[in-house]
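Student: File name final37.csv; file contents CSV, C-alpha atoms and all ligand atoms; full text below.
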```csv
chain,number,residue,atom,x,y,z
A,7,MET,CA,16.0,11.6,16.3
A,8,SER,CA,13.7,8.9,15.0
A,9,PRO,CA,13.3,5.8,17.1
A,10,TYR,CA,13.3,3.8,13.8
A,11,THR,CA,16.2,3.5,11.4
A,12,LEU,CA,14.2,1.9,8.6
A,13,VAL,CA,10.7,2.9,7.5
A,14,VAL,CA,9.0,0.5,5.1
A,15,LEU,CA,6.2,2.0,3.1
A,16,ASP,CA,3.3,0.4,1.3
A,17,PHE,CA,2.4,1.9,-2.0
A,18,ASP,CA,-1.3,1.7,-3.2
A,19,GLY,CA,-3.5,3.5,-0.7
A,20,THR,CA,-0.5,4.7,1.4
A,21,LEU,CA,1.6,6.7,-1.1
A,22,ALA,CA,-0.6,6.4,-4.2
A,23,ASP,CA,-4.2,7.5,-4.5
A,24,SER,CA,-5.4,4.6,-6.6
A,25,PHE,CA,-8.6,3.5,-4.8
A,26,ASP,CA,-11.1,5.2,-7.2
A,27,TRP,CA,-9.2,3.8,-10.2
A,28,PHE,CA,-9.2,0.3,-8.5
A,29,CYS,CA,-13.0,0.5,-8.1
A,30,GLU,CA,-13.5,1.6,-11.7
A,31,VAL,CA,-11.6,-1.4,-13.1
A,32,LEU,CA,-12.6,-4.0,-10.6
A,33,ASN,CA,-15.9,-5.1,-12.2
A,34,GLY,CA,-14.2,-5.6,-15.6
A,35,VAL,CA,-11.7,-7.8,-13.9
A,36,ALA,CA,-14.5,-9.7,-12.1
A,37,ASP,CA,-16.2,-10.5,-15.4
A,38,ARG,CA,-12.9,-11.6,-17.0
A,39,TYR,CA,-11.9,-13.9,-14.0
A,40,GLY,CA,-15.4,-15.1,-13.0
A,41,PHE,CA,-15.9,-13.5,-9.6
A,42,ARG,CA,-18.7,-11.4,-8.1
A,43,ARG,CA,-19.1,-7.8,-9.2
A,44,VAL,CA,-19.1,-5.1,-6.5
A,45,HIS,CA,-22.1,-2.8,-6.4
A,46,PRO,CA,-21.1,0.8,-5.5
A,47,ASP,CA,-23.3,0.6,-2.4
A,48,GLU,CA,-21.1,-2.3,-1.1
A,49,THR,CA,-17.8,-0.4,-1.4
A,50,GLU,CA,-17.8,1.1,2.1
A,51,ALA,CA,-18.6,-2.2,3.8
A,52,LEU,CA,-15.8,-3.9,1.9
A,53,ARG,CA,-13.4,-1.2,3.1
A,54,GLY,CA,-14.0,-2.6,6.6
A,55,LEU,CA,-12.8,-6.1,5.7
A,56,SER,CA,-9.4,-7.7,5.3
A,57,ALA,CA,-8.1,-8.7,1.9
A,58,SER,CA,-8.8,-12.4,2.6
A,59,ALA,CA,-12.4,-11.6,3.7
A,60,ILE,CA,-12.9,-9.6,0.5
A,61,VAL,CA,-11.5,-12.5,-1.6
A,62,ARG,CA,-13.9,-14.9,0.1
A,63,HIS,CA,-16.8,-12.5,-0.1
A,64,LEU,CA,-16.3,-12.0,-3.9
A,65,GLY,CA,-15.8,-15.8,-4.4
A,66,VAL,CA,-12.4,-15.3,-6.0
A,67,PRO,CA,-10.6,-18.7,-6.3
A,68,ARG,CA,-7.3,-18.3,-4.5
A,69,TRP,CA,-5.4,-20.0,-7.3
A,70,LYS,CA,-6.5,-17.2,-9.7
A,71,LEU,CA,-5.0,-14.5,-7.5
A,72,PRO,CA,-1.5,-14.4,-9.2
A,73,ALA,CA,-3.1,-14.0,-12.7
A,74,ILE,CA,-5.6,-11.4,-11.4
A,75,ALA,CA,-2.8,-9.4,-9.8
A,76,ARG,CA,-0.7,-9.5,-13.0
A,77,HIS,CA,-3.8,-8.3,-15.0
A,78,MET,CA,-4.5,-5.5,-12.5
A,79,HIS,CA,-0.9,-4.3,-12.7
A,80,ALA,CA,-1.0,-4.3,-16.5
A,81,LEU,CA,-4.2,-2.2,-16.3
A,82,ALA,CA,-2.4,0.1,-13.8
A,83,ALA,CA,0.5,0.5,-16.3
A,84,ARG,CA,-2.0,1.3,-19.0
A,85,ASP,CA,-3.7,3.9,-16.8
A,86,ILE,CA,-0.5,5.1,-15.1
A,87,ASP,CA,-1.1,8.8,-16.0
A,88,ARG,CA,-4.3,8.7,-13.8
A,89,LEU,CA,-2.5,7.5,-10.7
A,90,HIS,CA,-0.9,10.1,-8.4
A,91,LEU,CA,0.7,10.5,-5.0
A,92,PHE,CA,-1.5,11.8,-2.1
A,93,PRO,CA,-0.8,15.5,-1.3
A,94,GLY,CA,2.0,15.8,1.2
A,95,VAL,CA,3.7,12.5,0.3
A,96,PRO,CA,6.7,14.1,-1.6
A,97,GLU,CA,7.3,16.4,1.4
A,98,MET,CA,7.1,13.4,3.8
A,99,LEU,CA,9.5,11.3,1.8
A,100,ALA,CA,11.9,14.3,1.6
A,101,ASP,CA,11.8,15.0,5.3
A,102,LEU,CA,12.2,11.4,6.3
A,103,ALA,CA,15.2,10.9,4.0
A,104,ALA,CA,16.7,14.2,5.1
A,105,GLY,CA,16.2,13.2,8.7
A,106,GLY,CA,18.5,10.1,8.2
A,107,VAL,CA,15.8,7.4,8.1
A,108,ALA,CA,16.4,4.7,5.5
A,109,LEU,CA,13.3,4.3,3.3
A,110,ALA,CA,12.1,1.1,1.8
A,111,LEU,CA,9.0,0.3,-0.3
A,112,LEU,CA,7.2,-3.0,0.0
A,113,SER,CA,4.4,-3.5,-2.5
A,114,SER,CA,2.4,-6.0,-4.4
A,115,ASN,CA,2.5,-3.6,-7.3
A,116,THR,CA,5.3,-3.7,-9.9
A,117,GLN,CA,8.4,-1.7,-9.5
A,118,GLY,CA,7.8,-0.1,-12.9
A,119,ASN,CA,4.4,1.2,-11.9
A,120,VAL,CA,5.6,2.4,-8.5
A,121,GLU,CA,8.6,4.3,-10.0
A,122,ARG,CA,6.4,5.9,-12.7
A,123,VAL,CA,3.9,7.2,-10.1
A,124,LEU,CA,6.6,8.3,-7.7
A,125,GLY,CA,8.6,10.1,-10.4
A,126,ALA,CA,12.4,10.2,-10.5
A,127,GLU,CA,13.0,12.6,-7.6
A,128,ASN,CA,10.7,10.8,-5.1
A,129,ALA,CA,11.9,7.3,-6.3
A,130,ALA,CA,15.5,8.3,-5.6
A,131,ARG,CA,14.7,8.9,-1.9
A,132,ILE,CA,13.7,5.3,-1.5
A,133,ALA,CA,16.8,3.2,-0.9
A,134,HIS,CA,15.3,-0.3,-1.0
A,135,TYR,CA,12.5,-1.7,-3.2
A,136,ALA,CA,10.7,-5.0,-2.6
A,137,CYS,CA,7.9,-5.0,-5.2
A,138,GLY,CA,5.8,-7.7,-6.7
A,139,ALA,CA,5.0,-9.4,-3.3
A,140,SER,CA,2.0,-11.7,-3.7
A,141,LEU,CA,-1.2,-10.5,-2.0
A,142,PHE,CA,-0.6,-12.6,1.1
A,143,GLY,CA,3.2,-12.8,0.7
A,144,LYS,CA,4.3,-9.5,2.3
A,145,ALA,CA,5.6,-11.0,5.6
A,146,ARG,CA,8.2,-13.2,3.8
A,147,ARG,CA,9.3,-10.2,1.6
A,148,LEU,CA,9.5,-8.0,4.7
A,149,GLU,CA,11.6,-10.5,6.6
A,150,ARG,CA,14.0,-10.7,3.6
A,151,LEU,CA,14.0,-6.9,3.2
A,152,VAL,CA,14.9,-6.2,6.9
A,153,GLY,CA,17.7,-8.8,6.7
A,154,ARG,CA,19.0,-7.3,3.4
A,155,VAL,CA,19.1,-3.8,5.0
A,156,GLY,CA,20.8,-5.2,8.1
A,157,VAL,CA,18.5,-3.7,10.8
A,158,SER,CA,16.5,-5.4,13.4
A,159,PRO,CA,12.6,-5.6,13.2
A,160,ALA,CA,12.5,-3.5,16.4
A,161,GLN,CA,14.2,-0.7,14.5
A,162,THR,CA,11.7,-0.9,11.7
A,163,LEU,CA,8.4,0.9,11.3
A,164,CYS,CA,6.1,-0.4,8.6
A,165,ILE,CA,3.4,2.0,7.3
A,166,GLY,CA,0.4,0.8,5.4
A,167,ASP,CA,-3.3,1.1,4.7
A,168,GLU,CA,-4.5,-2.5,4.8
A,169,LEU,CA,-4.9,-5.2,7.5
A,170,ARG,CA,-2.5,-7.5,5.4
A,171,ASP,CA,0.2,-4.8,5.9
A,172,LEU,CA,-0.4,-4.8,9.6
A,173,GLU,CA,-0.3,-8.6,9.7
A,174,ALA,CA,2.9,-8.8,7.8
A,175,ALA,CA,4.6,-6.2,10.2
A,176,ARG,CA,3.4,-8.2,13.2
A,177,ALA,CA,4.6,-11.5,11.8
A,178,VAL,CA,8.1,-10.1,11.5
A,179,GLY,CA,8.1,-8.2,14.8
A,180,CYS,CA,8.1,-4.7,13.2
A,181,ALA,CA,6.0,-1.7,14.5
A,182,PHE,CA,3.1,-0.8,12.3
A,183,GLY,CA,1.6,2.6,11.6
A,184,ALA,CA,-1.8,2.7,9.9
A,185,VAL,CA,-2.7,5.5,7.5
A,186,SER,CA,-6.3,6.7,7.6
A,187,TRP,CA,-6.6,7.7,3.9
A,188,GLY,CA,-6.2,4.3,2.2
A,189,TYR,CA,-8.2,1.4,1.0
A,190,THR,CA,-9.2,0.0,4.4
A,191,ARG,CA,-11.3,2.2,6.7
A,192,ALA,CA,-9.4,3.8,9.6
A,193,GLU,CA,-11.8,2.2,12.2
A,194,ALA,CA,-11.1,-1.3,10.9
A,195,LEU,CA,-7.4,-0.6,11.1
A,196,ALA,CA,-7.7,1.0,14.6
A,197,ALA,CA,-9.6,-2.1,15.8
A,198,ALA,CA,-6.6,-4.3,14.9
A,199,GLY,CA,-4.4,-2.2,17.3
A,200,PRO,CA,-1.7,-0.6,15.2
A,201,ASP,CA,1.2,1.1,17.1
A,202,LEU,CA,0.4,4.4,15.4
A,203,ILE,CA,-2.4,5.9,13.4
A,204,PHE,CA,-1.6,8.8,11.0
A,205,ALA,CA,-4.2,11.4,9.9
A,206,ASP,CA,-2.1,12.7,7.1
A,207,PRO,CA,1.5,12.3,5.7
A,208,ALA,CA,2.8,15.2,7.8
A,209,ALA,CA,1.8,13.3,10.9
A,210,ILE,CA,4.3,10.5,9.9
A,211,THR,CA,7.2,13.0,9.8
A,212,ALA,CA,6.0,14.6,13.1
A,213,SER,CA,5.7,11.2,14.9
A,214,LEU,CA,9.2,10.3,14.0
A,215,GLY,CA,10.4,13.6,15.6
A,216,LEU,CA,11.6,14.9,12.2
A,217,ALA,CA,10.8,18.5,11.2
A,218,GLY,CA,7.6,18.7,9.3
A,219,ARG,CA,7.0,21.6,6.9
A,220,PRO,CA,4.0,23.2,5.3
A,221,LEU,CA,2.6,21.5,2.2
A,222,ALA,CA,3.6,23.1,-1.1
A,223,PRO,CA,0.8,25.2,-2.5
A,224,ALA,CA,-1.4,23.1,-4.9
B,1,LIG,O1,-1.2,-3.1,-6.5
B,1,LIG,C1,-1.4,-4.0,-5.6
B,1,LIG,O2,-1.5,-5.2,-5.8
B,1,LIG,C2,-1.4,-3.5,-4.1
B,1,LIG,O3,-0.3,-2.8,-3.9
B,1,LIG,P1,0.2,-2.5,-2.4
B,1,LIG,O4,0.9,-3.7,-1.8
B,1,LIG,O5,1.2,-1.4,-2.6
B,1,LIG,O6,-1.0,-2.0,-1.6
```
Kindly return the structure encoded in the file as structure tokens.

Tutor:
Amino acid sequence: MSPYTLVVLDFDGTLADSFDWFCEVLNGVADRYGFRRVHPDETEALRGLSASAIVRHLGVPRWKLPAIARHMHALAARDIDRLHLFPGVPEMLADLAAGGVALALLSSNTQGNVERVLGAENAARIAHYACGASLFGKARRLERLVGRVGVSPAQTLCIGDELRDLEAARAVGCAFGAVSWGYTRAEALAAAGPDLIFADPAAITASLGLAGRPLAPA
């Protein structure tokens, strides 16, 4: 039996392998919105920082963030065929849903992009969607989501790949599990003291006490 009745999943970097794509489009977005370009040598250092530290480092004016996010999500929609789930994610979603855990998805990305990358079968396993959260607006959306589902924060495990995901979970009083394969480096997440750290999607299933199963052959 899982100790959590609700699992709230982040999308980019947690379920979807979008980081290489993100790096490819970022400098075009920098030119368009007038912030600093990222040199490939800088990427690893930036993966150790929080989103707000990255925003400061790149000199992105905060007031431009909503327009930048809209533009990035339009680029993601354009390039949607290049974005895929990480190996093991469909099995993890299936096992969690079959184990009786309610699944929710909380993302800054659009529901259209999320559903297209998930595909119909995976999308149908997620009972609650809270998409389009602003970059730093996840706590508010999470609080509303938990209320809508009707569970307590103590029964809720949030899973994400960024420090802003951890901060949102903490602000609402939910447990947080960090994934080690996302945008933020695992050491930076570990330093912030998540409740759990997952090495791969099957570890999520296992930590919830739900039967894992071998990955489908590639
Ligand atoms: O696409 C984004 O803006 C980031 O999305 P995420 O919240 O799922 O990480």

Student: List all protein, DNA and RNA residues that have an atom no more than 8 Å from any atom of ligand LIG 1 (chain B), counting only C-alpha atoms and all ligand atoms, and report them as a PyMOL selection string.

Tutor: chain A and resi 16-20+75+78-79+112-116+137-141+144+166-168+171

Student: May I ask for the distance between CA of Pro46 (chain A) and CA of Tyr189 (chain A), given in Å to one decimal place?

Tutor: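 According to the coordinates, CA of Pro46 (chain A) and CA of Tyr189 (chain A) are separated by 14.5 Å.
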
Student: Rounded to one decimal place, report the CA of Asp23 (chain A)-CA of Ala197 (chain A) distance in Å.

Tutor: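 Computing the Euclidean distance for CA of Asp23 (chain A) and CA of Ala197 (chain A) yields 23.1 Å.
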
Student: Would you compute the distance between CA of Leu89 (chain A) and CA of Val155 (chain A)? Give it in Å to one decimal.

Tutor: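 Straight-line distance from CA of Leu89 (chain A) to CA of Val155 (chain A) works out to 29.0 Å.
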
Student: Measuring atom to atom with all atoms listed in the file, identify which of A:Pro200, A:Ala174, A:Glu127, A:Val31 is nearest to Phe142 (chain A).

Tutor: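 The closest residue to Phe142 (chain A) is A:Ala174.
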
Student: Measuring atom to atom with only C-alpha atoms, identify which of A:Cys180, A:Leu71, A:Leu52, A:Ala126 is nearest to Ala194 (chain A).

Tutor: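 With only C-alpha atoms as the atom set, the closest residue is A:Leu52.
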
Student: Please determine, counting only C-alpha atoms, which residue among A:Arg42, A:Arg68, A:Arg147, A:Arg176 has the shortest atom-to-atom distance to Pro159 (chain A).

Tutor: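 Closest candidate: A:Arg176.
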
Student: Considering all atoms listed in the file, return as an MDAnalysis selection string whatever protein or nucleic-acid residues lie within 10 Å of Leu111 (chain A), sequence-local ones (same chain, fewer than 6 positions apart) excluded.

Tutor: chainID A and resid 13:17 21 117 120 129 132:137 148 151 164:165

Student: Within 6 Å of Leu12 (chain A), counting all atoms listed in the file, which residues qualify if same-chain residues fewer than 5 places away don't, as a list in words?

Tutor: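 My list of contacting residues is Val107, Ala108, Leu109 and Thr162 of chain A.
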
Student: Generate the output file for the selected residues, C-alpha atoms, as a PDB file, keeping the file's coordinate frame.

Tutor:
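To be explicit, this is the file written out as selection.pdb:
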```pdb
ATOM      1  CA  VAL A 107      15.800   7.400   8.100  1.00  0.00           C
ATOM      2  CA  ALA A 108      16.400   4.700   5.500  1.00  0.00           C
ATOM      3  CA  LEU A 109      13.300   4.300   3.300  1.00  0.00           C
ATOM      4  CA  THR A 162      11.700  -0.900  11.700  1.00  0.00           C
TER       5      THR A 162
END
```

Student: For Pro207 (chain A), which residue out of A:Val152, A:Val123, A:Leu102, A:Leu172 is the nearest one, using only C-alpha atoms?

Tutor: A:Leu102

Student: Can you work out which one of A:Thr190, A:Thr49, A:Asn128, A:Ser213 has the shortest atom-to-atom distance to Ala110 (chain A), counting only C-alpha atoms?

Tutor: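 Of A:Thr190, A:Thr49, A:Asn128, A:Ser213, the one nearest Ala110 (chain A), counting only C-alpha atoms, is A:Asn128.
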
Student: Rank nothing, just name the residue among A:Met98, A:Ala130, A:Leu55, A:Leu124 nearest to Ala208 (chain A), using all atoms listed in the file.

Tutor: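 The closest residue to Ala208 (chain A) is A:Met98.
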